[in-house]
file entry17.csv (CSV, C-alpha atoms and all ligand atoms)
chain,number,residue,atom,x,y,z
T,1,MET,CA,-17.8,24.8,4.2
T,2,VAL,CA,-15.7,24.2,1.1
T,3,LEU,CA,-13.6,21.2,0.3
T,4,ALA,CA,-10.5,21.1,-2.0
T,5,ILE,CA,-9.8,18.2,-4.2
T,6,HIS,CA,-6.6,17.6,-6.1
T,7,TYR,CA,-8.0,15.9,-9.2
T,8,ASP,CA,-6.1,13.6,-11.4
T,9,ASP,CA,-7.6,11.6,-14.3
T,10,SER,CA,-5.8,8.3,-13.7
T,11,ILE,CA,-8.3,5.5,-13.5
T,12,ASN,CA,-6.9,4.3,-10.1
T,13,SER,CA,-7.1,7.7,-8.4
T,14,PHE,CA,-9.7,8.2,-5.7
T,15,SER,CA,-10.2,11.8,-6.9
T,16,GLY,CA,-12.7,11.0,-9.7
T,17,ARG,CA,-15.0,9.4,-7.3
T,18,TRP,CA,-14.6,12.2,-4.8
T,19,VAL,CA,-15.6,14.8,-7.4
T,20,GLU,CA,-18.6,12.7,-8.4
T,21,PHE,CA,-19.7,12.3,-4.8
T,22,CYS,CA,-19.5,16.1,-4.2
T,23,LYS,CA,-21.4,16.9,-7.3
T,24,LYS,CA,-24.1,14.3,-6.5
T,25,ASN,CA,-24.5,15.6,-3.0
T,26,SER,CA,-24.1,19.3,-3.7
T,27,ILE,CA,-21.0,19.6,-1.6
T,28,GLU,CA,-19.1,22.7,-2.5
T,29,PHE,CA,-15.6,22.0,-3.6
T,30,ILE,CA,-12.8,23.5,-5.7
T,31,GLU,CA,-10.1,21.8,-7.6
T,32,VAL,CA,-6.6,22.6,-6.5
T,33,ASP,CA,-3.0,21.8,-7.6
T,34,CYS,CA,-1.0,20.4,-4.7
T,35,TYR,CA,2.2,20.7,-6.8
T,36,ALA,CA,1.9,24.5,-7.1
T,37,SER,CA,4.1,26.6,-4.9
T,38,ASP,CA,1.1,28.6,-3.8
T,39,ILE,CA,-0.9,25.7,-2.7
T,40,LEU,CA,-1.5,27.2,0.8
T,41,GLU,CA,-2.9,30.3,-0.8
T,42,GLN,CA,-5.2,28.1,-3.0
T,43,LEU,CA,-6.5,26.4,0.2
T,44,HIS,CA,-7.0,29.7,2.0
T,45,ASP,CA,-10.8,29.5,2.0
T,46,CYS,CA,-11.1,25.7,2.2
T,47,ASP,CA,-11.8,23.6,5.2
T,48,ALA,CA,-10.3,20.4,4.0
T,49,LEU,CA,-8.0,18.9,1.3
T,50,PHE,CA,-8.4,15.6,-0.4
T,51,TRP,CA,-5.3,14.4,-2.2
T,52,ASN,CA,-4.8,10.8,-3.2
T,53,TRP,CA,-1.0,10.8,-3.8
T,54,ASN,CA,0.6,7.5,-4.4
T,55,ASN,CA,3.9,5.7,-4.3
T,56,SER,CA,4.7,5.8,-8.0
T,57,ASP,CA,4.6,9.7,-7.8
T,58,TYR,CA,8.2,10.7,-7.1
T,59,LYS,CA,7.2,14.3,-6.9
T,60,ALA,CA,4.5,13.7,-4.3
T,61,LYS,CA,6.8,11.6,-2.2
T,62,LYS,CA,9.2,14.5,-1.8
T,63,PHE,CA,6.6,16.8,-0.1
T,64,ALA,CA,3.2,15.2,0.4
T,65,ARG,CA,3.7,14.3,4.1
T,66,GLN,CA,5.2,17.8,4.8
T,67,LEU,CA,2.3,19.5,3.1
T,68,VAL,CA,-0.2,17.4,5.0
T,69,TYR,CA,1.4,18.1,8.3
T,70,SER,CA,1.7,21.8,7.6
T,71,LEU,CA,-2.0,22.1,6.7
T,72,GLU,CA,-2.9,20.3,10.0
T,73,MET,CA,-0.9,23.0,11.8
T,74,MET,CA,-3.1,25.6,10.1
T,75,GLY,CA,-6.2,23.7,11.5
T,76,LYS,CA,-7.2,22.3,8.1
T,77,LYS,CA,-8.5,18.7,7.8
T,78,VAL,CA,-6.8,16.5,5.3
T,79,PHE,CA,-7.4,13.2,3.7
T,80,PRO,CA,-5.1,11.4,4.1
T,81,ASN,CA,-4.0,13.0,7.4
T,82,SER,CA,-0.6,12.5,9.0
T,83,ASN,CA,-1.7,9.6,11.2
T,84,THR,CA,-2.9,7.9,8.0
T,85,CYS,CA,0.0,8.6,5.6
T,86,TRP,CA,3.3,9.2,7.4
T,87,HIS,CA,4.2,5.5,7.1
T,88,TYR,CA,2.8,5.0,3.6
T,89,ASP,CA,5.2,3.2,1.3
T,90,ASP,CA,7.6,3.1,4.2
T,91,LYS,CA,7.9,-0.5,5.5
T,92,VAL,CA,10.8,0.6,7.8
T,93,GLY,CA,8.5,3.1,9.4
T,94,GLN,CA,5.7,0.6,9.7
T,95,LYS,CA,8.0,-1.8,11.6
T,96,TYR,CA,8.4,0.7,14.4
T,97,LEU,CA,4.8,1.9,14.4
T,98,LEU,CA,3.3,-1.6,14.4
T,99,GLU,CA,5.7,-2.8,17.1
T,100,ALA,CA,4.8,0.4,19.1
T,101,VAL,CA,1.1,-0.5,19.3
T,102,ASP,CA,1.7,-4.2,19.8
T,103,ALA,CA,0.1,-5.1,16.5
T,104,PRO,CA,0.7,-8.7,15.3
T,105,LEU,CA,3.4,-7.8,12.8
T,106,VAL,CA,5.5,-10.6,11.2
T,107,PRO,CA,8.9,-10.4,13.1
T,108,THR,CA,10.8,-7.8,11.2
T,109,TYR,CA,14.5,-6.8,11.3
T,110,VAL,CA,16.2,-3.7,10.0
T,111,PHE,CA,19.9,-2.8,10.0
T,112,TYR,CA,21.7,0.4,9.1
T,113,ASP,CA,25.3,-0.9,8.7
T,114,LYS,CA,26.9,-3.9,7.1
T,115,GLU,CA,28.5,-5.2,10.3
T,116,SER,CA,25.3,-5.4,12.3
T,117,ALA,CA,23.5,-7.0,9.3
T,118,PHE,CA,26.3,-9.6,8.8
T,119,SER,CA,26.4,-10.5,12.4
T,120,TRP,CA,22.6,-11.0,12.4
T,121,VAL,CA,22.8,-13.1,9.2
T,122,GLU,CA,25.3,-15.4,10.9
T,123,LYS,CA,22.9,-16.1,13.8
T,124,THR,CA,19.5,-16.2,12.2
T,125,SER,CA,17.6,-19.0,10.3
T,126,PHE,CA,16.6,-19.1,6.7
T,127,PRO,CA,14.7,-18.5,4.5
T,128,LYS,CA,13.9,-14.8,5.2
T,129,VAL,CA,11.9,-12.3,3.2
T,130,PHE,CA,13.9,-9.4,1.9
T,131,LYS,CA,12.0,-6.2,1.1
T,132,LEU,CA,12.8,-2.7,0.1
T,133,SER,CA,11.1,-0.1,2.3
T,134,SER,CA,9.1,1.2,-0.7
T,135,GLY,CA,7.2,-0.5,-3.5
T,136,ALA,CA,3.9,-2.2,-4.2
T,137,GLY,CA,2.6,-5.2,-6.0
T,138,ALA,CA,5.4,-7.3,-4.5
T,139,VAL,CA,7.9,-6.0,-7.0
T,140,ASN,CA,10.5,-5.3,-4.3
T,141,VAL,CA,9.9,-8.4,-2.2
T,142,LYS,CA,12.0,-11.6,-2.5
T,143,LEU,CA,13.2,-14.6,-0.6
T,144,ALA,CA,16.7,-15.0,0.7
T,145,TYR,CA,16.9,-18.8,0.8
T,146,THR,CA,20.3,-19.0,2.4
T,147,LYS,CA,22.8,-17.2,4.5
T,148,GLU,CA,24.8,-16.6,1.2
T,149,ASP,CA,21.7,-15.0,-0.5
T,150,ALA,CA,21.3,-12.7,2.5
T,151,LYS,CA,25.0,-11.7,2.6
T,152,LYS,CA,24.8,-10.8,-1.1
T,153,LEU,CA,21.7,-8.6,-0.4
T,154,VAL,CA,23.5,-7.0,2.5
T,155,ARG,CA,26.5,-6.2,0.3
T,156,GLN,CA,24.3,-4.7,-2.3
T,157,SER,CA,22.3,-2.7,0.2
T,158,PHE,CA,25.5,-1.0,1.5
T,159,GLY,CA,27.1,-1.0,-1.9
T,160,LYS,CA,25.5,-0.1,-5.2
T,161,GLY,CA,22.0,-0.3,-3.8
T,162,PHE,CA,18.8,-1.4,-5.5
T,163,SER,CA,16.6,0.2,-8.2
T,164,GLN,CA,13.2,1.0,-6.7
T,165,LEU,CA,11.6,-0.8,-9.6
T,166,ASP,CA,12.3,-4.3,-10.6
T,167,ARG,CA,11.5,-3.9,-14.3
T,168,VAL,CA,11.8,-7.6,-15.2
T,169,ALA,CA,9.5,-8.6,-12.4
T,170,SER,CA,7.0,-5.9,-13.5
T,171,PHE,CA,7.0,-7.3,-17.0
T,172,GLU,CA,6.5,-10.8,-15.8
T,173,ASP,CA,3.4,-9.8,-13.9
T,174,LYS,CA,2.0,-7.9,-16.8
T,175,PHE,CA,2.8,-10.8,-19.2
T,176,ASN,CA,1.0,-13.2,-16.9
T,177,ALA,CA,-2.0,-10.9,-16.6
T,178,TRP,CA,-2.2,-11.0,-20.4
T,179,MET,CA,-1.9,-14.8,-20.5
T,180,ARG,CA,-4.8,-15.0,-18.0
T,181,ASP,CA,-7.0,-12.5,-19.7
T,182,LYS,CA,-6.1,-11.9,-23.4
T,183,ASN,CA,-7.5,-8.5,-24.3
T,184,SER,CA,-6.2,-5.3,-25.9
T,185,THR,CA,-5.7,-3.6,-22.5
T,186,THR,CA,-3.6,-6.4,-20.9
T,187,LEU,CA,-1.7,-6.8,-24.2
T,188,ARG,CA,-0.9,-3.0,-24.4
T,189,THR,CA,0.2,-3.0,-20.7
T,190,ALA,CA,2.4,-6.1,-21.2
T,191,PHE,CA,4.0,-4.5,-24.3
T,192,LYS,CA,4.7,-1.3,-22.4
T,193,ALA,CA,6.3,-3.2,-19.5
T,194,PHE,CA,8.5,-5.0,-22.0
T,195,GLY,CA,9.7,-1.8,-23.5
T,196,ARG,CA,10.4,-0.5,-20.0
T,197,ILE,CA,12.9,-3.4,-19.3
T,198,PHE,CA,15.4,-1.5,-21.5
T,199,ILE,CA,14.6,2.1,-20.7
T,200,PRO,CA,14.7,3.3,-17.1
T,201,THR,CA,11.5,5.2,-16.2
T,202,GLU,CA,11.5,8.8,-15.1
T,203,PHE,CA,10.5,7.5,-11.7
T,204,GLU,CA,13.8,5.5,-11.4
T,205,ASN,CA,15.9,8.4,-12.6
T,206,MET,CA,14.3,10.8,-10.1
T,207,GLU,CA,14.2,8.5,-7.1
T,208,GLY,CA,17.7,7.2,-7.4
T,209,LYS,CA,18.9,4.0,-5.7
T,210,GLU,CA,17.6,2.5,-2.5
T,211,LEU,CA,20.5,1.8,-0.1
T,212,GLY,CA,22.0,2.3,3.3
T,213,TYR,CA,19.6,0.0,5.2
T,214,ILE,CA,18.5,-3.6,5.0
T,215,TYR,CA,15.0,-5.0,5.9
T,216,PHE,CA,14.1,-8.6,6.4
T,217,GLN,CA,11.0,-10.4,7.8
T,218,ASP,CA,10.6,-14.0,9.0
T,219,PHE,CA,9.3,-16.0,6.1
T,220,ILE,CA,5.8,-17.3,7.1
T,221,PRO,CA,5.5,-20.5,5.1
T,222,ASN,CA,2.6,-22.3,3.5
T,223,ASN,CA,0.5,-19.3,2.5
T,224,ASP,CA,-0.8,-19.6,-1.0
T,225,PHE,CA,-2.8,-16.3,-0.6
T,226,ASP,CA,-2.9,-13.2,1.6
T,227,ILE,CA,-5.9,-11.5,3.0
T,228,ARG,CA,-6.3,-7.8,2.5
T,229,VAL,CA,-8.6,-5.9,4.9
T,230,ILE,CA,-9.2,-2.2,4.5
T,231,THR,CA,-10.7,-0.1,7.2
T,232,ILE,CA,-12.3,3.3,6.5
T,233,GLY,CA,-13.5,4.7,9.8
T,234,ASN,CA,-16.0,2.2,11.2
T,235,ARG,CA,-16.3,0.1,8.0
T,236,ALA,CA,-14.1,-2.7,6.7
T,237,PHE,CA,-14.0,-4.6,3.5
T,238,ALA,CA,-11.7,-7.4,2.4
T,239,LEU,CA,-10.5,-9.7,-0.3
T,240,LYS,CA,-8.3,-12.7,-0.8
T,241,ARG,CA,-5.4,-12.5,-3.2
T,242,MET,CA,-3.9,-15.8,-4.5
T,243,CYS,CA,-0.2,-16.1,-4.9
T,244,ARG,CA,1.5,-16.2,-8.3
T,245,THR,CA,2.0,-19.8,-9.4
T,246,GLY,CA,5.0,-21.3,-7.6
T,247,ASP,CA,5.6,-18.1,-5.7
T,248,PHE,CA,5.0,-17.0,-2.1
T,249,ARG,CA,3.8,-13.5,-3.1
T,250,ALA,CA,0.2,-12.6,-3.5
T,251,SER,CA,0.0,-8.8,-3.9
T,252,GLY,CA,0.1,-7.8,-7.6
T,253,SER,CA,-0.8,-11.3,-8.8
T,254,GLY,CA,-4.2,-10.0,-10.0
T,255,MET,CA,-5.8,-13.3,-8.9
T,256,ILE,CA,-8.6,-12.1,-6.5
T,257,VAL,CA,-11.3,-14.0,-4.6
T,258,TYR,CA,-14.2,-11.9,-3.2
T,259,GLU,CA,-16.5,-14.3,-1.4
T,260,LYS,CA,-16.9,-13.4,2.3
T,261,GLU,CA,-16.4,-17.0,3.5
T,262,HIS,CA,-12.8,-16.7,2.4
T,263,ILE,CA,-12.1,-14.0,5.0
T,264,ASP,CA,-11.1,-14.9,8.5
T,265,ASP,CA,-13.0,-12.6,10.9
T,266,ARG,CA,-9.9,-12.3,13.1
T,267,CYS,CA,-8.2,-10.3,10.3
T,268,VAL,CA,-11.1,-7.8,10.3
T,269,SER,CA,-11.1,-7.5,14.0
T,270,ILE,CA,-7.3,-6.9,14.2
T,271,ALA,CA,-7.6,-4.3,11.4
T,272,PHE,CA,-10.2,-2.3,13.3
T,273,ASP,CA,-8.2,-2.6,16.5
T,274,VAL,CA,-5.0,-1.4,15.0
T,275,SER,CA,-6.6,1.4,12.9
T,276,LYS,CA,-8.2,2.7,16.1
T,277,LYS,CA,-4.9,2.7,18.0
T,278,LEU,CA,-3.2,4.5,15.0
T,279,GLY,CA,-6.1,6.9,14.5
T,280,THR,CA,-6.1,6.4,10.8
T,281,GLN,CA,-8.8,7.3,8.3
T,282,SER,CA,-8.1,4.6,5.8
T,283,THR,CA,-5.7,1.6,6.2
T,284,ALA,CA,-5.2,-1.5,4.2
T,285,TYR,CA,-3.6,-4.5,6.0
T,286,ASP,CA,-2.0,-7.5,4.3
T,287,PHE,CA,-2.3,-10.7,6.4
T,288,VAL,CA,-0.6,-14.1,6.2
T,289,PHE,CA,-1.1,-17.0,8.7
T,290,ASP,CA,1.6,-18.5,10.9
T,291,VAL,CA,2.0,-22.3,11.3
T,292,ASP,CA,-0.6,-22.2,14.1
T,293,GLY,CA,-3.1,-20.4,11.9
T,294,ASN,CA,-2.8,-17.0,13.5
T,295,PRO,CA,-3.1,-13.9,11.3
T,296,LEU,CA,0.0,-11.8,11.1
T,297,ILE,CA,0.4,-8.4,9.4
T,298,VAL,CA,3.0,-8.0,6.7
T,299,GLU,CA,2.5,-4.4,5.8
T,300,ILE,CA,0.0,-1.5,5.7
T,301,SER,CA,-1.0,1.2,3.2
T,302,TYR,CA,-3.5,4.1,3.2
T,303,ALA,CA,-4.0,3.9,-0.6
T,304,PHE,CA,-5.3,1.0,-2.6
T,305,SER,CA,-6.4,0.3,-6.2
T,306,VAL,CA,-9.9,1.8,-6.8
T,307,LEU,CA,-11.2,-0.8,-9.3
T,308,ALA,CA,-10.0,-4.0,-7.6
T,309,TYR,CA,-12.4,-3.5,-4.6
T,310,ASP,CA,-15.6,-2.7,-6.6
T,311,LYS,CA,-16.4,-6.4,-6.6
T,312,CYS,CA,-16.4,-6.8,-2.8
T,313,GLN,CA,-19.8,-8.0,-1.8
T,314,GLY,CA,-20.2,-6.0,1.3
T,315,TYR,CA,-18.6,-4.6,4.4
T,316,TRP,CA,-18.4,-5.0,8.2
T,317,ASP,CA,-19.0,-2.4,10.9
T,318,ALA,CA,-16.7,-2.1,13.9
T,319,GLU,CA,-18.9,-4.7,15.8
T,320,LEU,CA,-18.3,-7.1,12.9
T,321,ASN,CA,-21.9,-7.0,11.7
T,322,TRP,CA,-21.9,-7.7,7.9
T,323,TYR,CA,-23.8,-5.6,5.4
T,324,GLU,CA,-24.2,-7.2,2.0
T,325,GLU,CA,-24.4,-4.1,-0.1
T,326,GLU,CA,-22.3,-2.1,-2.6
T,327,ILE,CA,-19.2,-0.6,-0.9
T,328,LYS,CA,-18.3,3.1,-1.4
T,329,PRO,CA,-14.8,3.6,0.0
T,330,GLN,CA,-14.2,7.0,-1.6
T,331,ASP,CA,-17.6,8.3,-0.5
T,332,TRP,CA,-17.0,7.1,3.1
T,333,MET,CA,-13.7,9.0,3.1
T,334,ILE,CA,-15.6,12.3,2.5
T,335,GLU,CA,-18.5,11.4,4.8
T,336,ASP,CA,-16.1,10.7,7.7
T,337,LEU,CA,-14.2,13.9,7.2
T,338,LEU,CA,-17.4,15.9,7.0
T,339,VAL,CA,-18.4,14.5,10.4
T,340,SER,CA,-15.0,15.6,11.8
T,341,LEU,CA,-15.6,19.1,10.5
N,401,LIG,N1,7.0,-12.3,5.8
N,401,LIG,C1,6.3,-12.9,4.8
N,401,LIG,N2,6.1,-14.2,4.8
N,401,LIG,C2,5.4,-14.8,3.8
N,401,LIG,N3,4.8,-14.1,2.8
N,401,LIG,C3,5.0,-12.8,2.7
N,401,LIG,C4,5.8,-12.1,3.7
N,401,LIG,N4,5.8,-10.8,3.4
N,401,LIG,C5,5.1,-10.6,2.3
N,401,LIG,N5,4.6,-11.8,1.9
N,401,LIG,C6,3.9,-12.0,0.6
N,401,LIG,O1,4.4,-11.2,-0.4
N,401,LIG,C7,3.5,-10.2,-0.8
N,401,LIG,C8,4.1,-8.8,-1.0
N,401,LIG,O2,4.6,-8.4,0.2
N,401,LIG,P1,4.3,-6.9,0.8
N,401,LIG,O3,5.1,-6.8,2.0
N,401,LIG,O4,2.8,-6.8,1.0
N,401,LIG,O5,4.8,-6.0,-0.3
N,401,LIG,P2,4.1,-5.0,-1.3
N,401,LIG,O6,4.2,-3.6,-0.7
N,401,LIG,O7,4.8,-5.1,-2.6
N,401,LIG,O8,2.6,-5.4,-1.5
N,401,LIG,C9,2.4,-10.3,0.2
N,401,LIG,O9,1.1,-10.0,-0.5
N,401,LIG,C10,2.4,-11.7,0.7
N,401,LIG,O10,1.7,-12.6,-0.1
N,402,MG,MG,1.3,-5.6,0.1
call {"tool": "encode", "arguments": {"input": "entry17.csv", "output": "structure tokens"}}
result
Amino acid sequence: MVLAIHYDDSINSFSGRWVEFCKKNSIEFIEVDCYASDILEQLHDCDALFWNWNNSDYKAKKFARQLVYSLEMMGKKVFPNSNTCWHYDDKVGQKYLLEAVDAPLVPTYVFYDKESAFSWVEKTSFPKVFKLSSGAGAVNVKLAYTKEDAKKLVRQSFGKGFSQLDRVASFEDKFNAWMRDKNSTTLRTAFKAFGRIFIPTEFENMEGKELGYIYFQDFIPNNDFDIRVITIGNRAFALKRMCRTGDFRASGSGMIVYEKEHIDDRCVSIAFDVSKKLGTQSTAYDFVFDVDGNPLIVEISYAFSVLAYDKCQGYWDAELNWYEEEIKPQDWMIEDLLVSL
């Protein structure tokens, strides 16, 4: 049995930890280049591929799902597999998927022409949350306070469209991270983000504008945090993310609470339940709470930041037993896949 790993040296890639785990446990693996045209040939003698592609990789977004599916057709195992990744960075896809399995998704609306969108805007209540289908760290998420706000967004969605990266919002987040924790890394990151306000990134040039649809969710008020639960097979771990000051958005704030007593068990239970229905290997769920205190999902994602979860104090199993020990998400991904082989 031979595994293939697409290695990249970014600090937030799962791949470094996959390589470490294989070396430590004498699991035979080779490094492959998923971007190469002969990737199928490279994988000829391998049983499984591990590739942590992410939403800021415009190249991967063009073919990762297609490659994964094709490998599955050849009988290869993949992490992430199709069930796990087809809806990644695709909030529109997630709307249909979560509705299909009766998951408690925040009521979500999507329109593909101006007229239908306008007619809905006339009838609905405000505020609503407007999102682009792609994006992370809340950069493409904002409130439409009024009907007029919503109409403006509709016109832009079916007009000049939206950049996939809100550069000013990105800078504000990096600047606030530096204000909270003044060190050379946060300063460098903030400087870089400032420079980027004026120069479009390669990502934006390659991805083009986002347009031709509009996505809204009901605004679930009075949440000054969200709860993020991640399931990997029969294990789940979680954290609480506080919202930016004076803002309803938690993801990307960098303000994280790790103690277990902050996590509502119902979120863990829903996450296990939905992951089982979806047949996913790794899924992160963002939860907010409605006015009656019930958890609702706002979005899901197979990938997550590597470092942010290292401080989790333990994990649950599928029966919701708690294990207070170091979590090893990347190791678990390999362990689970080995079992399936
Ligand atoms: N419908 C909603 N009602 C209230 N808050 C929301 C809603 N949707 C998202 N949020 C808040 O905004 C944040 C970002 O939204 P999310 O859909 O998770 O986008 P991203 O992919 O950028 O993380 C969430 O972490 C949550 O705090
Ligand atoms: Mg999120």
call {"tool": "residues_near_ligand", "arguments": {"input": "entry17.csv", "ligand": "ligand MG 402 (chain N)", "cutoff": "7 Å", "atoms": "all atoms listed in the file", "output": "MDAnalysis selection string"}}
result
chainID T and resid 136:138 251 286 299
call {"tool": "closest_atom_pairs", "arguments": {"input": "entry17.csv", "of": "chain T", "to": "ligand LIG 401 (chain N)", "cutoff": "6 Å", "atoms": "all atoms listed in the file", "output": "JSON lines"}}
result
{"residue": "T:Val106", "atom": "CA", "partner": "N:LIG401", "partner_atom": "N1", "distance": 5.9}
{"residue": "T:Val129", "atom": "CA", "partner": "N:LIG401", "partner_atom": "N1", "distance": 5.5}
{"residue": "T:Gly135", "atom": "CA", "partner": "N:LIG401", "partner_atom": "O6", "distance": 5.1}
{"residue": "T:Ala136", "atom": "CA", "partner": "N:LIG401", "partner_atom": "O7", "distance": 3.4}
{"residue": "T:Gly137", "atom": "CA", "partner": "N:LIG401", "partner_atom": "O7", "distance": 4.1}
{"residue": "T:Ala138", "atom": "CA", "partner": "N:LIG401", "partner_atom": "O7", "distance": 3.0}
{"residue": "T:Val139", "atom": "CA", "partner": "N:LIG401", "partner_atom": "O7", "distance": 5.5}
{"residue": "T:Asn140", "atom": "CA", "partner": "N:LIG401", "partner_atom": "O7", "distance": 6.0}
{"residue": "T:Val141", "atom": "CA", "partner": "N:LIG401", "partner_atom": "O2", "distance": 5.8}
{"residue": "T:Gln217", "atom": "CA", "partner": "N:LIG401", "partner_atom": "N1", "distance": 4.9}
{"residue": "T:Asp218", "atom": "CA", "partner": "N:LIG401", "partner_atom": "N1", "distance": 5.1}
{"residue": "T:Phe219", "atom": "CA", "partner": "N:LIG401", "partner_atom": "N2", "distance": 3.9}
{"residue": "T:Ile220", "atom": "CA", "partner": "N:LIG401", "partner_atom": "N2", "distance": 3.9}
{"residue": "T:Pro221", "atom": "CA", "partner": "N:LIG401", "partner_atom": "C2", "distance": 5.8}
{"residue": "T:Phe225", "atom": "CA", "partner": "N:LIG401", "partner_atom": "O10", "distance": 5.8}
{"residue": "T:Asp226", "atom": "CA", "partner": "N:LIG401", "partner_atom": "O10", "distance": 4.9}
{"residue": "T:Phe248", "atom": "CA", "partner": "N:LIG401", "partner_atom": "N3", "distance": 5.7}
{"residue": "T:Arg249", "atom": "CA", "partner": "N:LIG401", "partner_atom": "O1", "distance": 3.6}
{"residue": "T:Ala250", "atom": "CA", "partner": "N:LIG401", "partner_atom": "O10", "distance": 3.7}
{"residue": "T:Ser251", "atom": "CA", "partner": "N:LIG401", "partner_atom": "O9", "distance": 3.8}
{"residue": "T:Asp286", "atom": "CA", "partner": "N:LIG401", "partner_atom": "O4", "distance": 5.9}
{"residue": "T:Val298", "atom": "CA", "partner": "N:LIG401", "partner_atom": "N4", "distance": 5.2}
{"residue": "T:Glu299", "atom": "CA", "partner": "N:LIG401", "partner_atom": "O3", "distance": 5.2}
call {"tool": "closest_atom_pairs", "arguments": {"input": "entry17.csv", "of": "range 186-247 of chain T", "to": "range 56-76 of chain T", "cutoff": "9 Å", "atoms": "all atoms listed in the file", "output": "JSON lines"}}
result
{"residue": "T:Glu202", "atom": "CA", "partner": "T:Tyr58", "partner_atom": "CA", "distance": 8.9}
{"residue": "T:Phe203", "atom": "CA", "partner": "T:Tyr58", "partner_atom": "CA", "distance": 6.1}
{"residue": "T:Glu204", "atom": "CA", "partner": "T:Tyr58", "partner_atom": "CA", "distance": 8.8}
{"residue": "T:Met206", "atom": "CA", "partner": "T:Tyr58", "partner_atom": "CA", "distance": 6.8}
{"residue": "T:Glu207", "atom": "CA", "partner": "T:Tyr58", "partner_atom": "CA", "distance": 6.4}
call {"tool": "residues_around", "arguments": {"input": "entry17.csv", "residues": "Ile232 in chain T", "least_positions_apart": "5", "cutoff": "9 Å", "atoms": "only C-alpha atoms", "output": "PyMOL selection string"}}
result
chain T and resi 237+275+280-284+329+332-333+336
call {"tool": "closest_residue", "arguments": {"input": "entry17.csv", "among": "T:Ile199, T:Cys312, T:Ile300, T:Cys46", "to": "Glu259 in chain T", "atoms": "only C-alpha atoms"}}
result
T:Cys312
call {"tool": "residues_around", "arguments": {"input": "entry17.csv", "residues": "Ala100 in chain T", "least_positions_apart": "4", "cutoff": "12 Å", "atoms": "only C-alpha atoms", "output": "compact mmCIF listing (two decimals) with C-alpha atoms, keeping the file's coordinate frame"}}
result
# COMPACT_ATOMS: atom_id res chain seq x y z
CA GLY T 93 8.50 3.10 9.40
CA GLN T 94 5.70 0.60 9.70
CA LYS T 95 8.00 -1.80 11.60
CA TYR T 96 8.40 0.70 14.40
CA PRO T 104 0.70 -8.70 15.30
CA LEU T 105 3.40 -7.80 12.80
CA VAL T 274 -5.00 -1.40 15.00
CA LYS T 277 -4.90 2.70 18.00
CA LEU T 278 -3.20 4.50 15.00
call {"tool": "closest_residue", "arguments": {"input": "entry17.csv", "among": "T:Leu307, T:Leu239, T:Leu211, T:Ala190", "to": "Asn12 in chain T", "atoms": "all atoms listed in the file"}}
result
T:Leu307
call {"tool": "closest_residue", "arguments": {"input": "entry17.csv", "among": "T:Leu338, T:Ala48, T:Ala169, T:Met179", "to": "Arg196 in chain T", "atoms": "only C-alpha atoms"}}
result
T:Ala169
call {"tool": "closest_residue", "arguments": {"input": "entry17.csv", "among": "T:Glu28, T:Asp38, T:Asp9, T:Asp90", "to": "Asn55 in chain T", "atoms": "all atoms listed in the file"}}
result
T:Asp90
call {"tool": "closest_residue", "arguments": {"input": "entry17.csv", "among": "T:Thr146, T:Val229, T:Thr185, T:His6", "to": "Ile39 in chain T", "atoms": "all atoms listed in the file"}}
result
T:His6
call {"tool": "closest_residue", "arguments": {"input": "entry17.csv", "among": "T:Asp290, T:Gly246, T:Leu296, T:Ile230", "to": "Arg266 in chain T", "atoms": "only C-alpha atoms"}}
result
T:Leu296
call {"tool": "residues_near_point", "arguments": {"input": "entry17.csv", "point": "(-5.3, 14.8, -1.2)", "cutoff": "6 Å", "atoms": "all atoms listed in the file", "output": "PyMOL selection string"}}
result
chain T and resi 6+49-52+79
call {"tool": "atom_distance", "arguments": {"input": "entry17.csv", "atom1": "CA of Gly208 in chain T", "atom2": "CA of Phe162 in chain T"}}
result
8.9 Å
call {"tool": "atom_distance", "arguments": {"input": "entry17.csv", "atom1": "CA of Asp265 in chain T", "atom2": "CA of Asn223 in chain T"}}
result
17.3 Å
call {"tool": "residues_near_point", "arguments": {"input": "entry17.csv", "point": "(-2.6, 5.1, -6.9)", "cutoff": "7 Å", "atoms": "all atoms listed in the file", "output": "mmCIF file with C-alpha atoms, in the frame of the given file"}}
result
data_model
loop_
_atom_site.group_PDB
_atom_site.id
_atom_site.type_symbol
_atom_site.label_atom_id
_atom_site.label_comp_id
_atom_site.auth_asym_id
_atom_site.auth_seq_id
_atom_site.Cartn_x
_atom_site.Cartn_y
_atom_site.Cartn_z
ATOM 1 C CA ASN T 12 -6.900 4.300 -10.100
ATOM 2 C CA SER T 13 -7.100 7.700 -8.400
ATOM 3 C CA TRP T 53 -1.000 10.800 -3.800
ATOM 4 C CA ASN T 54 0.600 7.500 -4.400
ATOM 5 C CA ALA T 303 -4.000 3.900 -0.600
ATOM 6 C CA PHE T 304 -5.300 1.000 -2.600
ATOM 7 C CA SER T 305 -6.400 0.300 -6.200
#
